[in-house]
file structure_35.txt (compact mmCIF, C-alpha atoms)
# COMPACT_ATOMS: atom_id res chain seq x y z
CA MET G 1 -17.49 66.29 16.15
CA THR G 2 -17.76 69.14 13.65
CA GLN G 3 -15.62 68.90 10.53
CA TYR G 4 -14.29 72.20 9.19
CA VAL G 5 -12.48 72.45 5.87
CA ILE G 6 -10.61 75.61 4.86
CA ILE G 7 -9.44 76.05 1.28
CA GLY G 8 -6.46 78.42 1.37
CA ASP G 9 -3.65 79.00 3.86
CA GLY G 10 -3.12 82.72 3.44
CA ILE G 11 -3.67 85.03 6.38
CA SER G 12 -7.48 84.73 6.19
CA GLY G 13 -7.47 80.92 6.07
CA SER G 14 -4.83 80.60 8.77
CA SER G 15 -6.56 83.15 10.99
CA ALA G 16 -9.79 81.20 10.60
CA ALA G 17 -8.10 77.89 11.47
CA GLU G 18 -6.57 79.35 14.63
CA THR G 19 -9.87 80.89 15.70
CA LEU G 20 -11.83 77.71 15.01
CA ARG G 21 -9.49 75.74 17.22
CA GLU G 22 -10.04 78.24 20.03
CA GLU G 23 -13.82 78.26 19.54
CA ASP G 24 -14.28 74.52 18.98
CA PRO G 25 -11.51 72.55 20.76
CA ASP G 26 -12.85 69.14 19.73
CA ALA G 27 -13.44 69.86 16.04
CA LYS G 28 -11.61 68.36 13.10
CA ILE G 29 -9.98 71.15 11.11
CA THR G 30 -8.35 70.64 7.72
CA VAL G 31 -6.53 73.36 5.79
CA ILE G 32 -5.87 72.81 2.08
CA THR G 33 -3.43 74.87 0.03
CA ASP G 34 -1.96 74.47 -3.42
CA GLU G 35 1.23 76.18 -2.28
CA GLY G 36 4.20 74.17 -1.10
CA GLU G 37 4.83 76.04 2.16
CA PRO G 38 2.74 77.18 5.13
CA LEU G 39 1.69 80.74 5.90
CA TYR G 40 4.21 83.51 5.27
CA ASN G 41 4.06 87.28 5.45
CA ARG G 42 2.85 88.47 2.05
CA ILE G 43 3.69 92.05 3.03
CA LEU G 44 7.37 91.28 3.61
CA ILE G 45 8.03 89.31 0.42
CA LYS G 46 8.59 92.62 -1.38
CA GLU G 47 11.51 93.31 0.99
CA HIS G 48 12.96 89.92 0.08
CA ALA G 49 12.64 90.71 -3.62
CA LYS G 50 14.39 94.05 -3.03
CA GLY G 51 17.33 92.16 -1.53
CA LYS G 52 16.74 93.74 1.87
CA LEU G 53 15.50 90.74 3.84
CA PRO G 54 16.45 87.05 4.06
CA GLU G 55 13.83 84.33 3.90
CA ALA G 56 13.61 83.36 7.57
CA PRO G 57 11.70 86.37 8.98
CA ILE G 58 9.08 86.09 6.24
CA SER G 59 7.79 82.68 7.31
CA ILE G 60 5.05 82.94 9.96
CA HIS G 61 4.04 79.33 10.58
CA ASP G 62 5.94 76.12 10.14
CA GLU G 63 4.23 72.75 9.86
CA ALA G 64 4.72 72.17 13.59
CA TRP G 65 2.43 75.13 14.31
CA TYR G 66 -0.47 73.22 12.75
CA GLU G 67 0.50 69.96 14.43
CA ASP G 68 0.59 71.63 17.84
CA ARG G 69 -3.01 72.80 17.32
CA GLU G 70 -4.14 69.50 15.79
CA ILE G 71 -4.93 71.24 12.52
CA GLU G 72 -4.36 69.04 9.50
CA LEU G 73 -2.41 70.94 6.84
CA SER G 74 -2.40 69.62 3.31
CA LEU G 75 0.23 71.32 1.12
CA ASN G 76 0.43 71.08 -2.69
CA THR G 77 -3.21 70.02 -2.78
CA HIS G 78 -5.42 71.13 -5.66
CA VAL G 79 -9.19 71.40 -5.21
CA THR G 80 -11.15 70.29 -8.27
CA GLY G 81 -14.73 70.81 -7.09
CA VAL G 82 -17.17 71.41 -4.25
CA ASP G 83 -20.47 69.56 -3.84
CA PRO G 84 -22.67 71.50 -1.39
CA ASP G 85 -25.39 68.83 -1.40
CA ALA G 86 -23.06 66.03 -0.37
CA LYS G 87 -20.90 68.50 1.62
CA VAL G 88 -17.75 67.22 -0.02
CA VAL G 89 -14.61 68.92 -1.33
CA HIS G 90 -13.03 67.07 -4.25
CA THR G 91 -9.25 67.23 -4.59
CA HIS G 92 -6.88 66.02 -7.24
CA ASP G 93 -4.34 64.75 -4.72
CA ARG G 94 -6.20 63.59 -1.61
CA GLY G 95 -9.55 62.34 -2.84
CA ASP G 96 -12.73 63.64 -1.21
CA LEU G 97 -12.95 65.56 2.07
CA GLU G 98 -16.24 65.78 3.91
CA TYR G 99 -17.19 68.98 5.74
CA ASP G 100 -19.88 70.35 8.01
CA LYS G 101 -18.72 73.95 7.43
CA LEU G 102 -16.52 75.12 4.58
CA LEU G 103 -14.44 78.30 4.25
CA ILE G 104 -13.16 79.46 0.88
CA ALA G 105 -10.07 81.64 1.32
CA THR G 106 -8.12 81.06 -1.87
CA GLY G 107 -7.37 84.70 -2.67
CA GLY G 108 -6.46 85.47 -6.26
CA THR G 109 -3.73 85.10 -8.84
CA PRO G 110 -2.12 87.95 -10.79
CA THR G 111 -3.84 88.83 -14.03
CA GLN G 112 -1.71 88.30 -17.13
CA LEU G 113 -1.46 91.02 -19.74
CA PRO G 114 -3.45 90.00 -22.84
CA VAL G 115 -0.58 90.84 -25.19
CA GLU G 116 1.98 89.00 -27.28
CA ASN G 117 4.81 87.34 -25.28
CA SER G 118 3.26 88.23 -21.92
CA ASP G 119 4.40 84.84 -20.65
CA ALA G 120 7.97 85.23 -21.88
CA ASP G 121 10.98 84.49 -19.71
CA GLY G 122 11.74 87.64 -17.72
CA VAL G 123 8.12 88.80 -17.31
CA HIS G 124 7.23 88.60 -13.62
CA HIS G 125 4.10 88.74 -11.48
CA PHE G 126 4.30 89.39 -7.77
CA TRP G 127 2.08 87.44 -5.39
CA THR G 128 3.67 84.41 -3.77
CA PHE G 129 6.89 83.83 -1.84
CA GLU G 130 8.05 81.77 -4.80
CA ASP G 131 7.41 84.78 -7.08
CA ALA G 132 9.53 86.94 -4.79
CA ARG G 133 12.41 84.48 -4.91
CA GLY G 134 12.35 84.45 -8.70
CA ILE G 135 12.10 88.24 -8.92
CA ARG G 136 15.05 88.73 -6.57
CA GLU G 137 17.24 86.23 -8.42
CA HIS G 138 16.46 87.76 -11.83
CA ALA G 139 16.59 91.38 -10.68
CA GLU G 140 20.09 90.93 -9.30
CA ARG G 141 21.38 90.20 -12.81
CA SER G 142 19.23 92.68 -14.76
CA ASP G 143 20.10 96.18 -15.98
CA THR G 144 16.96 97.57 -17.59
CA GLY G 145 13.31 97.09 -16.72
CA VAL G 146 9.72 97.90 -17.51
CA ILE G 147 6.84 98.07 -15.03
CA VAL G 148 3.15 97.85 -15.93
CA GLY G 149 0.24 98.50 -13.58
CA ALA G 150 -0.21 101.92 -11.96
CA GLY G 151 -1.45 100.75 -8.57
CA LEU G 152 -0.39 99.57 -5.14
CA LEU G 153 1.13 96.32 -6.41
CA GLY G 154 2.89 97.92 -9.37
CA ILE G 155 4.79 100.35 -7.19
CA ASP G 156 6.37 97.39 -5.40
CA PHE G 157 8.07 96.55 -8.69
CA ALA G 158 9.33 100.14 -8.87
CA ALA G 159 10.87 99.68 -5.43
CA VAL G 160 12.45 96.36 -6.43
CA CYS G 161 14.00 97.94 -9.52
CA GLY G 162 15.26 100.87 -7.48
CA ALA G 163 16.78 98.65 -4.78
CA GLN G 164 18.39 96.30 -7.31
CA GLY G 165 19.89 99.08 -9.46
CA ILE G 166 17.66 98.45 -12.48
CA GLU G 167 17.00 101.46 -14.71
CA ALA G 168 13.28 101.10 -15.32
CA ASP G 169 10.43 102.78 -17.18
CA TYR G 170 7.07 102.67 -15.42
CA LEU G 171 4.47 102.55 -18.23
CA MET G 172 1.10 103.93 -17.07
CA ARG G 173 -2.10 104.10 -19.10
CA GLY G 174 -3.28 107.36 -17.56
CA ASP G 175 -1.68 110.69 -16.70
CA ARG G 176 -0.52 109.69 -13.19
CA TRP G 177 0.04 106.83 -10.77
CA TRP G 178 -3.12 105.48 -9.07
CA ARG G 179 -5.24 108.11 -10.77
CA TYR G 180 -8.47 106.93 -9.15
CA ALA G 181 -7.25 107.89 -5.68
CA LEU G 182 -4.67 110.64 -6.21
CA SER G 183 -4.87 114.08 -7.79
CA GLU G 184 -1.91 115.47 -9.76
CA ASP G 185 -0.45 117.08 -6.61
CA GLY G 186 -0.34 113.84 -4.64
CA ALA G 187 0.75 111.73 -7.59
CA GLU G 188 3.65 114.04 -8.38
CA ILE G 189 5.16 113.34 -4.95
CA MET G 190 5.04 109.64 -5.77
CA HIS G 191 6.50 110.26 -9.24
CA ASP G 192 9.42 112.15 -7.69
CA GLY G 193 9.95 109.24 -5.30
CA MET G 194 10.15 106.87 -8.25
CA ARG G 195 12.59 109.08 -10.12
CA GLY G 196 14.70 109.26 -6.98
CA VAL G 197 15.35 105.51 -7.17
CA GLY G 198 15.94 105.43 -10.92
CA VAL G 199 12.43 104.61 -12.15
CA GLU G 200 10.97 106.94 -14.78
CA PRO G 201 7.16 107.30 -14.96
CA VAL G 202 5.84 107.26 -18.53
CA PHE G 203 2.26 108.46 -18.94
CA ASP G 204 -0.46 107.66 -21.50
CA SER G 205 1.46 104.50 -22.26
CA GLY G 206 1.20 100.79 -21.44
CA VAL G 207 2.31 97.65 -23.25
CA ASP G 208 1.10 96.61 -26.68
CA ARG G 209 3.52 93.68 -26.90
CA PHE G 210 6.80 92.32 -25.57
CA GLU G 211 9.73 91.44 -27.81
CA THR G 212 11.95 88.44 -27.10
CA ASP G 213 15.30 87.10 -28.27
CA ASP G 214 15.83 83.72 -29.92
CA ASP G 215 15.88 82.06 -26.50
CA GLY G 216 12.47 83.46 -25.58
CA HIS G 217 13.78 86.01 -23.08
CA ILE G 218 12.28 89.47 -22.97
CA ILE G 219 14.36 92.23 -24.61
CA ALA G 220 11.86 95.08 -25.03
CA ALA G 221 8.35 96.36 -24.50
CA VAL G 222 6.47 98.30 -27.16
CA ASP G 223 3.70 100.62 -26.02
CA PRO G 224 0.46 101.46 -27.90
CA ASN G 225 2.11 104.62 -29.25
CA GLY G 226 4.83 102.55 -30.93
CA GLU G 227 7.51 103.61 -28.45
CA ARG G 228 10.05 100.86 -27.71
CA TYR G 229 11.62 100.36 -24.29
CA ASP G 230 14.63 98.08 -23.90
CA CYS G 231 14.33 95.77 -20.92
CA ASP G 232 15.64 92.45 -19.66
CA PHE G 233 13.22 92.49 -16.70
CA ALA G 234 9.48 93.26 -16.62
CA GLY G 235 7.06 93.49 -13.73
CA VAL G 236 3.33 93.23 -14.42
CA ALA G 237 0.76 94.10 -11.74
CA ILE G 238 -2.60 94.84 -13.33
CA GLY G 239 -4.83 93.25 -10.73
CA LEU G 240 -5.97 89.86 -9.49
CA SER G 241 -8.03 87.15 -11.11
CA PHE G 242 -10.06 84.86 -8.89
CA ASN G 243 -9.81 81.16 -9.55
CA THR G 244 -13.37 80.01 -8.98
CA GLU G 245 -13.61 77.44 -11.76
CA TYR G 246 -13.55 74.62 -9.18
CA LEU G 247 -16.70 76.15 -7.67
CA ARG G 248 -18.68 75.90 -10.87
CA GLY G 249 -21.94 74.12 -10.19
CA ALA G 250 -21.80 74.86 -6.45
CA GLY G 251 -24.39 77.64 -6.82
CA LEU G 252 -22.30 80.39 -5.20
CA GLU G 253 -23.14 83.98 -6.11
CA GLU G 254 -20.19 85.72 -7.75
CA ASN G 255 -19.53 89.30 -8.79
CA ASN G 256 -15.82 89.68 -9.51
CA GLY G 257 -15.31 87.56 -6.41
CA ILE G 258 -17.51 85.53 -4.10
CA VAL G 259 -20.38 87.55 -2.66
CA VAL G 260 -20.73 87.33 1.12
CA ASP G 261 -22.78 89.19 3.71
CA GLU G 262 -21.42 91.02 6.76
CA TYR G 263 -21.05 87.66 8.52
CA MET G 264 -18.84 86.23 5.74
CA ARG G 265 -21.63 83.86 4.69
CA THR G 266 -22.19 83.02 1.04
CA ASN G 267 -25.65 82.36 -0.37
CA VAL G 268 -25.08 78.58 0.04
CA ASP G 269 -25.71 77.05 3.45
CA ASP G 270 -22.60 76.27 5.52
CA ILE G 271 -20.19 77.81 3.00
CA TYR G 272 -18.28 80.93 4.02
CA ALA G 273 -15.60 82.98 2.28
CA ALA G 274 -12.89 85.37 3.50
CA GLY G 275 -10.00 87.42 2.18
CA ASP G 276 -9.19 88.85 -1.23
CA ILE G 277 -11.65 86.59 -3.01
CA THR G 278 -14.67 88.11 -1.26
CA ARG G 279 -17.00 90.85 -2.32
CA PHE G 280 -18.31 91.57 1.17
CA TYR G 281 -21.04 93.75 2.62
CA ASP G 282 -19.29 96.72 4.21
CA VAL G 283 -21.51 97.86 7.07
CA LEU G 284 -19.80 101.27 7.18
CA LEU G 285 -20.31 101.89 3.47
CA GLY G 286 -23.72 100.28 3.36
CA GLU G 287 -22.87 98.40 0.18
CA GLN G 288 -20.78 95.55 -1.22
CA ALA G 289 -17.05 96.26 -1.41
CA GLN G 290 -13.66 94.63 -1.90
CA ASN G 291 -10.40 95.07 -0.05
CA GLY G 292 -7.07 93.33 -0.43
CA SER G 293 -5.27 94.49 2.69
CA TRP G 294 -3.57 92.07 5.06
CA GLY G 295 -5.41 93.34 8.14
CA SER G 296 -8.80 93.09 6.45
CA ALA G 297 -8.15 89.52 5.30
CA LYS G 298 -7.00 88.48 8.76
CA GLU G 299 -10.09 89.96 10.41
CA GLN G 300 -12.41 88.40 7.82
CA GLY G 301 -10.91 85.01 8.58
CA ARG G 302 -11.45 85.51 12.30
CA VAL G 303 -15.05 86.70 11.87
CA ALA G 304 -15.85 83.86 9.47
CA ALA G 305 -14.54 81.33 11.99
CA ILE G 306 -16.49 82.86 14.87
CA ASN G 307 -19.66 82.57 12.82
CA MET G 308 -18.89 79.08 11.54
CA ALA G 309 -18.55 77.86 15.12
CA ALA G 310 -21.41 79.89 16.63
CA ASP G 311 -25.16 79.58 16.61
CA THR G 312 -26.78 81.90 14.08
CA ASP G 313 -28.17 84.18 16.80
CA GLU G 314 -24.61 84.82 18.02
CA ALA G 315 -23.24 85.99 14.66
CA GLU G 316 -20.54 88.68 14.61
CA GLU G 317 -20.39 91.38 11.93
CA PHE G 318 -17.25 92.14 9.98
CA GLN G 319 -16.50 95.82 10.53
CA TRP G 320 -13.06 97.02 9.58
CA VAL G 321 -11.32 100.15 8.33
CA SER G 322 -8.41 98.89 6.29
CA SER G 323 -5.12 100.59 5.55
CA TYR G 324 -2.20 99.95 3.22
CA SER G 325 1.21 101.53 3.71
CA ILE G 326 4.26 101.96 1.48
CA THR G 327 7.73 102.60 2.85
CA HIS G 328 9.73 102.41 -0.37
CA PHE G 329 10.79 106.05 -0.52
CA ASP G 330 12.16 108.76 1.79
CA PHE G 331 8.59 109.59 2.82
CA PRO G 332 5.80 107.26 4.03
CA PHE G 333 2.54 106.67 2.17
CA LEU G 334 -0.73 105.29 3.52
CA SER G 335 -4.16 104.74 2.04
CA PHE G 336 -7.13 103.88 4.26
CA GLY G 337 -10.70 102.79 3.71
CA HIS G 338 -11.97 103.06 0.14
CA PRO G 339 -10.27 106.17 -1.29
CA THR G 340 -11.52 105.52 -4.83
CA LEU G 341 -15.23 105.43 -3.89
CA GLY G 342 -15.77 109.05 -2.87
CA ASP G 343 -18.24 111.37 -4.55
CA GLU G 344 -16.38 114.44 -3.25
CA HIS G 345 -12.88 115.08 -1.95
CA ALA G 346 -10.85 117.51 0.13
CA GLU G 347 -7.08 117.74 -0.20
CA ARG G 348 -4.07 119.86 0.65
CA ARG G 349 -0.36 119.83 -0.08
CA TYR G 350 1.82 120.88 2.84
CA SER G 351 5.34 120.46 1.43
CA ASP G 352 7.28 118.72 -1.33
CA THR G 353 6.70 115.38 0.37
CA GLU G 354 3.53 115.93 2.40
CA TRP G 355 -0.02 115.76 1.07
CA ARG G 356 -3.41 114.67 2.30
CA ARG G 357 -6.67 113.74 0.60
CA VAL G 358 -9.93 112.69 2.24
CA ALA G 359 -12.74 111.05 0.26
CA PHE G 360 -16.39 111.53 1.25
CA LYS G 361 -19.57 109.77 0.22
CA ASP G 362 -22.96 111.09 1.31
CA GLY G 363 -21.12 113.46 3.63
CA LYS G 364 -19.17 110.75 5.48
CA ILE G 365 -15.49 109.82 5.19
CA VAL G 366 -15.06 106.60 3.20
CA GLY G 367 -11.30 106.67 2.72
CA GLY G 368 -8.27 108.73 1.96
CA VAL G 369 -4.57 108.96 1.25
CA LEU G 370 -1.83 110.37 3.46
CA ILE G 371 1.68 111.12 2.19
CA GLY G 372 4.50 112.28 4.44
CA ASP G 373 2.53 112.66 7.68
CA LEU G 374 0.48 109.61 8.65
CA SER G 375 -0.53 110.87 12.10
CA PRO G 376 -4.16 111.78 11.22
CA GLN G 377 -5.04 108.22 10.18
CA SER G 378 -6.42 107.10 13.55
CA LYS G 379 -8.71 110.13 13.78
CA PHE G 380 -10.01 109.66 10.25
CA LYS G 381 -10.63 105.97 10.91
CA GLN G 382 -12.51 106.91 14.09
CA LEU G 383 -14.77 109.24 12.10
CA MET G 384 -15.38 106.45 9.60
CA ARG G 385 -16.37 104.01 12.32
CA GLU G 386 -18.65 106.61 13.90
CA GLN G 387 -20.10 107.41 10.45
CA ARG G 388 -20.13 111.09 11.22
CA ASP G 389 -21.24 113.57 8.59
CA VAL G 390 -18.20 115.85 8.28
CA ALA G 391 -17.82 116.70 4.60
CA ASP G 392 -18.94 120.29 5.25
CA GLN G 393 -16.11 120.70 7.77
CA ALA G 394 -13.24 119.67 5.52
CA GLU G 395 -11.11 122.60 6.68
CA VAL G 396 -10.83 121.04 10.14
CA LEU G 397 -9.71 117.76 8.59
CA LEU G 398 -7.07 119.50 6.50
CA GLU G 399 -5.43 121.37 9.37
CA GLN G 400 -1.81 120.30 9.77
CA SER G 401 -2.68 118.90 13.20
CA VAL G 402 -6.18 117.46 13.21
CA ASP G 403 -8.22 118.15 16.35
CA LEU G 404 -11.62 116.44 16.32
CA ASP G 405 -12.76 118.73 19.14
CA ASN G 406 -12.88 121.51 16.57
CA LEU G 407 -15.69 119.77 14.70
CA ALA G 408 -19.11 121.31 15.21
CA PRO G 409 -20.91 119.99 18.32
CA ALA G 410 -24.02 119.23 16.29
CA GLN G 411 -22.04 116.70 14.32
CA GLU G 412 -20.76 115.08 17.52
CA GLN G 413 -24.34 114.67 18.75
CA GLU G 414 -25.23 112.69 15.63
CA GLN G 415 -22.79 109.87 16.41
call {"tool": "encode", "arguments": {"input": "structure_35.txt", "output": "structure tokens"}}
result
Amino acid sequence: MTQYVIIGDGISGSSAAETLREEDPDAKITVITDEGEPLYNRILIKEHAKGKLPEAPISIHDEAWYEDREIELSLNTHVTGVDPDAKVVHTHDRGDLEYDKLLIATGGTPTQLPVENSDADGVHHFWTFEDARGIREHAERSDTGVIVGAGLLGIDFAAVCGAQGIEADYLMRGDRWWRYALSEDGAEIMHDGMRGVGVEPVFDSGVDRFETDDDGHIIAAVDPNGERYDCDFAGVAIGLSFNTEYLRGAGLEENNGIVVDEYMRTNVDDIYAAGDITRFYDVLLGEQAQNGSWGSAKEQGRVAAINMAADTDEAEEFQWVSSYSITHFDFPFLSFGHPTLGDEHAERRYSDTEWRRVAFKDGKIVGGVLIGDLSPQSKFKQLMREQRDVADQAEVLLEQSVDLDNLAPAQEQEQ
């Protein structure tokens, strides 16, 4: 009987556990998580924090789900080390767990600002269901706020402030939101969306320190220019840190995450990794990449499990075009692929709330951003999967209605 141990019960770990049970009905499967509740929808917790959604729809699995599949779930369990030679996972709470195959799917934890009072009462990070509960409770009694982190997680805080009636300043280091993926035209649509819900973008700013009252609660943020912003609520979203200290000595290759190949295998025999924590080989890009989307993490978990249960000559590649959508404003927003990795770009603005940008690398689409009209996404993803060289036909891709039949036949023959 094969013993599988999965560290992490996010969507990648849970997807792997479900797939392993299907692939290996007689196996022993153990899932370890340091959280106190089973899998929930990390995408929907922002709606809970906004006050728009109760808790019940956010939970995906209860403990009975694991029992029904004879998967042992160990909540509130902290892993202290992994010994690949002995094939043992050391835990603080449950002693040692032996494994034949191990999956690491622990994701990350929000990075804390390296400034004074960054851990003060009233400074929030947004990652777990428990975070969302605390944010909602505090936001409902707050009047003024500050947001730090000009990316896809930071804008969730803008939406929370808008929904909860908090007048907030969004302090950004650069001259626009998500400046690595958006030009000024696209970013300005997002800035207008923020202003529409009472959140003011502040550029060339950031946080130099937080000020607190005598009780240790945040009262203001001071930016590097010396500007002071009153706030009784702060949201910080400057990226994820990966807790891999417990893997020290296990010999795993790391590079801002655990390095895996296209089969989700690490460099250590019988150890796999999936989800946010991975730096995986993207077969469409032809290089190592990272992606934090829900769909990508779920598929990585499935592929990892297939390969953990299969013979090596039956290995399945991870091939996925990710996407991330935002529905906080009156217009939709979607990014796909790797929009920050392009070496050239094509873009067009169609209206006050409609804009499109496609990123190319070596002539092929590697990602993009759609605002207002999301309908071209499936066609762009198709071109990515086919790895067609289309950068010299950007005009076709920027037509209001994209018709792939208008691409040059020579390009179609190179599929």
call {"tool": "residues_around", "arguments": {"input": "structure_35.txt", "residues": "range 133-146 of chain G", "least_positions_apart": "6", "cutoff": "9 Å", "atoms": "all atoms listed in the file", "output": "MDAnalysis selection string"}}
result
chainID G and resid 45 48:51 55 122 124:126 158 160:161 164:171 199 220:221 229:236
call {"tool": "residues_around", "arguments": {"input": "structure_35.txt", "residues": "range 243-253 of chain G", "least_positions_apart": "2", "cutoff": "10 Å", "atoms": "all atoms listed in the file", "output": "number ranges by chain"}}
result
G: 78-85, 89-91, 104, 106-109, 240-241, 255-260, 266-269, 271, 277, 279
call {"tool": "residues_around", "arguments": {"input": "structure_35.txt", "residues": "Met190 in chain G", "least_positions_apart": "2", "cutoff": "10 Å", "atoms": "all atoms listed in the file", "output": "JSON list (two decimals) with C-alpha atoms, in the coordinates of the input"}}
result
[["chain", "number", "residue", "atom", "x", "y", "z"],
["G", 155, "ILE", "CA", 4.79, 100.35, -7.19],
["G", 176, "ARG", "CA", -0.52, 109.69, -13.19],
["G", 177, "TRP", "CA", 0.04, 106.83, -10.77],
["G", 178, "TRP", "CA", -3.12, 105.48, -9.07],
["G", 182, "LEU", "CA", -4.67, 110.64, -6.21],
["G", 184, "GLU", "CA", -1.91, 115.47, -9.76],
["G", 185, "ASP", "CA", -0.45, 117.08, -6.61],
["G", 186, "GLY", "CA", -0.34, 113.84, -4.64],
["G", 187, "ALA", "CA", 0.75, 111.73, -7.59],
["G", 188, "GLU", "CA", 3.65, 114.04, -8.38],
["G", 192, "ASP", "CA", 9.42, 112.15, -7.69],
["G", 193, "GLY", "CA", 9.95, 109.24, -5.30],
["G", 194, "MET", "CA", 10.15, 106.87, -8.25],
["G", 195, "ARG", "CA", 12.59, 109.08, -10.12],
["G", 196, "GLY", "CA", 14.70, 109.26, -6.98],
["G", 201, "PRO", "CA", 7.16, 107.30, -14.96],
["G", 329, "PHE", "CA", 10.79, 106.05, -0.52],
["G", 331, "PHE", "CA", 8.59, 109.59, 2.82],
["G", 333, "PHE", "CA", 2.54, 106.67, 2.17],
["G", 353, "THR", "CA", 6.70, 115.38, 0.37],
["G", 371, "ILE", "CA", 1.68, 111.12, 2.19]]
call {"tool": "atom_distance", "arguments": {"input": "structure_35.txt", "atom1": "CA of Gly292 in chain G", "atom2": "CA of Thr278 in chain G"}}
result
9.3 Å
call {"tool": "atom_distance", "arguments": {"input": "structure_35.txt", "atom1": "CA of Glu314 in chain G", "atom2": "CA of Glu287 in chain G"}}
result
22.5 Å
call {"tool": "residues_around", "arguments": {"input": "structure_35.txt", "residues": "Gly368 in chain G", "least_positions_apart": "5", "cutoff": "9 Å", "atoms": "all atoms listed in the file", "output": "PDB file with C-alpha atoms, keeping the file's coordinate frame"}}
result
ATOM      1  CA  ALA G 181      -7.250 107.890  -5.680  1.00  0.00           C
ATOM      2  CA  LEU G 334      -0.730 105.290   3.520  1.00  0.00           C
ATOM      3  CA  SER G 335      -4.160 104.740   2.040  1.00  0.00           C
ATOM      4  CA  PHE G 336      -7.130 103.880   4.260  1.00  0.00           C
ATOM      5  CA  GLY G 337     -10.700 102.790   3.710  1.00  0.00           C
ATOM      6  CA  HIS G 338     -11.970 103.060   0.140  1.00  0.00           C
ATOM      7  CA  PRO G 339     -10.270 106.170  -1.290  1.00  0.00           C
ATOM      8  CA  THR G 340     -11.520 105.520  -4.830  1.00  0.00           C
ATOM      9  CA  GLY G 342     -15.770 109.050  -2.870  1.00  0.00           C
ATOM     10  CA  HIS G 345     -12.880 115.080  -1.950  1.00  0.00           C
ATOM     11  CA  ARG G 356      -3.410 114.670   2.300  1.00  0.00           C
ATOM     12  CA  ARG G 357      -6.670 113.740   0.600  1.00  0.00           C
ATOM     13  CA  VAL G 358      -9.930 112.690   2.240  1.00  0.00           C
ATOM     14  CA  ALA G 359     -12.740 111.050   0.260  1.00  0.00           C
ATOM     15  CA  PHE G 360     -16.390 111.530   1.250  1.00  0.00           C
ATOM     16  CA  GLN G 377      -5.040 108.220  10.180  1.00  0.00           C
ATOM     17  CA  PHE G 380     -10.010 109.660  10.250  1.00  0.00           C
TER      18      PHE G 380
END
call {"tool": "residues_around", "arguments": {"input": "structure_35.txt", "residues": "Lys361 in chain G", "least_positions_apart": "3", "cutoff": "9 Å", "atoms": "all atoms listed in the file", "output": "PyMOL selection string"}}
result
chain G and resi 285+341-345+364-366+391
call {"tool": "atom_distance", "arguments": {"input": "structure_35.txt", "atom1": "CA of Gln300 in chain G", "atom2": "CA of Phe318 in chain G"}}
result
6.5 Å
call {"tool": "closest_residue", "arguments": {"input": "structure_35.txt", "among": "G:Ala274, G:Ala310, G:Ala163, G:Ala304", "to": "His328 in chain G", "atoms": "all atoms listed in the file"}}
result
G:Ala163
call {"tool": "closest_residue", "arguments": {"input": "structure_35.txt", "among": "G:His217, G:Arg385, G:Arg94, G:Arg302", "to": "Thr33 in chain G", "atoms": "all atoms listed in the file"}}
result
G:Arg94
call {"tool": "closest_residue", "arguments": {"input": "structure_35.txt", "among": "G:Gly206, G:Gly372, G:Gly363, G:Gly226", "to": "Ala394 in chain G", "atoms": "all atoms listed in the file"}}
result
G:Gly363
call {"tool": "closest_residue", "arguments": {"input": "structure_35.txt", "among": "G:Ser12, G:Thr111, G:Ser183, G:Thr77", "to": "Asp96 in chain G", "atoms": "all atoms listed in the file"}}
result
G:Thr77
call {"tool": "closest_residue", "arguments": {"input": "structure_35.txt", "among": "G:Asp270, G:Glu22, G:Asp223, G:Asp68", "to": "Val88 in chain G", "atoms": "all atoms listed in the file"}}
result
G:Asp270
call {"tool": "closest_residue", "arguments": {"input": "structure_35.txt", "among": "G:Leu53, G:Leu370, G:Ile43, G:Leu153", "to": "Trp294 in chain G", "atoms": "all atoms listed in the file"}}
result
G:Ile43
